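Single-structure report; data block below.
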Amino acid sequence: HEAVASACRDIEAWAKEVGRPKKTEKMLVTPDGVDSAVVDAVGPELAEAMAISVKQVRGAAVEGIRNKAIELLAGGDDAKFTENDVRLACMRCESDALRSMIRGKGVRQDGRDTKTVRPITCSGGLLPRTHGSSLFTRGETQAIAAATL
């Protein structure tokens with residue numbers, strides 16, 4: 001423990017000596033009230049859209065609702081918030097809706113419960129002229145691996 005603490009102190013001292021100050025002026029901070037305004041405007045619709053099981057349909061529905069929120073809260077001359085502020089708030093609202101669905105109902109977007117894992121399939125010898133190749137598929141995600149010597 002003492003060796004790690006000593007190394008951490010040395011790294012901090014070195015960072016003070018040669019490091020640059022952190023740039024905090026470019027941090028994205030949304031204004032107060034944008035999250036609650038998004039929830040009031042489209043919260044229930046977003047929660048309903050996040051429960052759609054088909055990924056492409058869900059994405060289109062969420063994008064439409066997000067555009068509606070941008071139009072309501074960032075559109076026009078008397079807009080309270082910027083488009084980016086509303087977009088970020090929508091993303092937080094989507095995350096909250098998904099989290100509450102999983103924790104409250106115990107169901108994920110694709111209908112699985114919290115204990116079920118998507119099946120993974122593996123197949124080898126996929127590519128010719130390699131010393132080894134395989135394809136891994138889990139849900140809609142695929143990864144291919146190849147090795148040549």
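Identifiers for the structure tokens are assigned positionally: chains receive A, B, ... in sequence, residues are indexed from 1 per chain, and ligands are indexed from 1 in the order shown.
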DSSP-assigned strand (DSSP E or B) members of chain A, reported as a VMD selection string: chain A and resid 107 113 120 to 124 132 to 138 141 to 147
Nearby residues (only C-alpha atoms) at most 6 Å from stretch 81-91 of chain A, same-chain spacing under 6 positions excluded, as a ChimeraX atom specification: /A:30,35,70,74
Find the residues near A:Ser100: any atom within 12 Å, counting only C-alpha atoms, skip ones fewer than 4 places away on the same chain, and give them as a PDB file with C-alpha atoms, in the first residue's frame.
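Final output, selection-v9.pdb:
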ATOM      1  CA  ALA A  47     -40.624   6.263 -21.719  1.00  0.00           C
ATOM      2  CA  GLU A  48     -43.171   4.552 -23.947  1.00  0.00           C
ATOM      3  CA  MET A  50     -37.943   3.207 -24.957  1.00  0.00           C
ATOM      4  CA  ALA A  51     -40.074   0.113 -24.277  1.00  0.00           C
ATOM      5  CA  CYS A  93     -34.452  11.255 -19.970  1.00  0.00           C
ATOM      6  CA  GLU A  94     -34.069   8.181 -22.207  1.00  0.00           C
ATOM      7  CA  SER A  95     -31.477   6.710 -19.840  1.00  0.00           C
ATOM      8  CA  ASP A  96     -33.706   7.352 -16.838  1.00  0.00           C
ATOM      9  CA  GLY A 104     -38.976  -1.323 -11.745  1.00  0.00           C
ATOM     10  CA  LYS A 105     -40.380  -3.988 -14.053  1.00  0.00           C
ATOM     11  CA  GLY A 106     -37.303  -6.221 -14.308  1.00  0.00           C
ATOM     12  CA  VAL A 107     -37.549  -6.255 -18.113  1.00  0.00           C
ATOM     13  CA  ARG A 108     -35.078  -5.055 -20.728  1.00  0.00           C
ATOM     14  CA  GLN A 109     -36.033  -3.442 -24.041  1.00  0.00           C
TER      15      GLN A 109
END
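With only C-alpha atoms taken into account, the protein and nucleic acid residues at most 7 Å from stretch 119-121 of chain A (excluding it and anything under 5 positions from it in its own chain) are Phe136, Thr137 and Arg138 of chain A.
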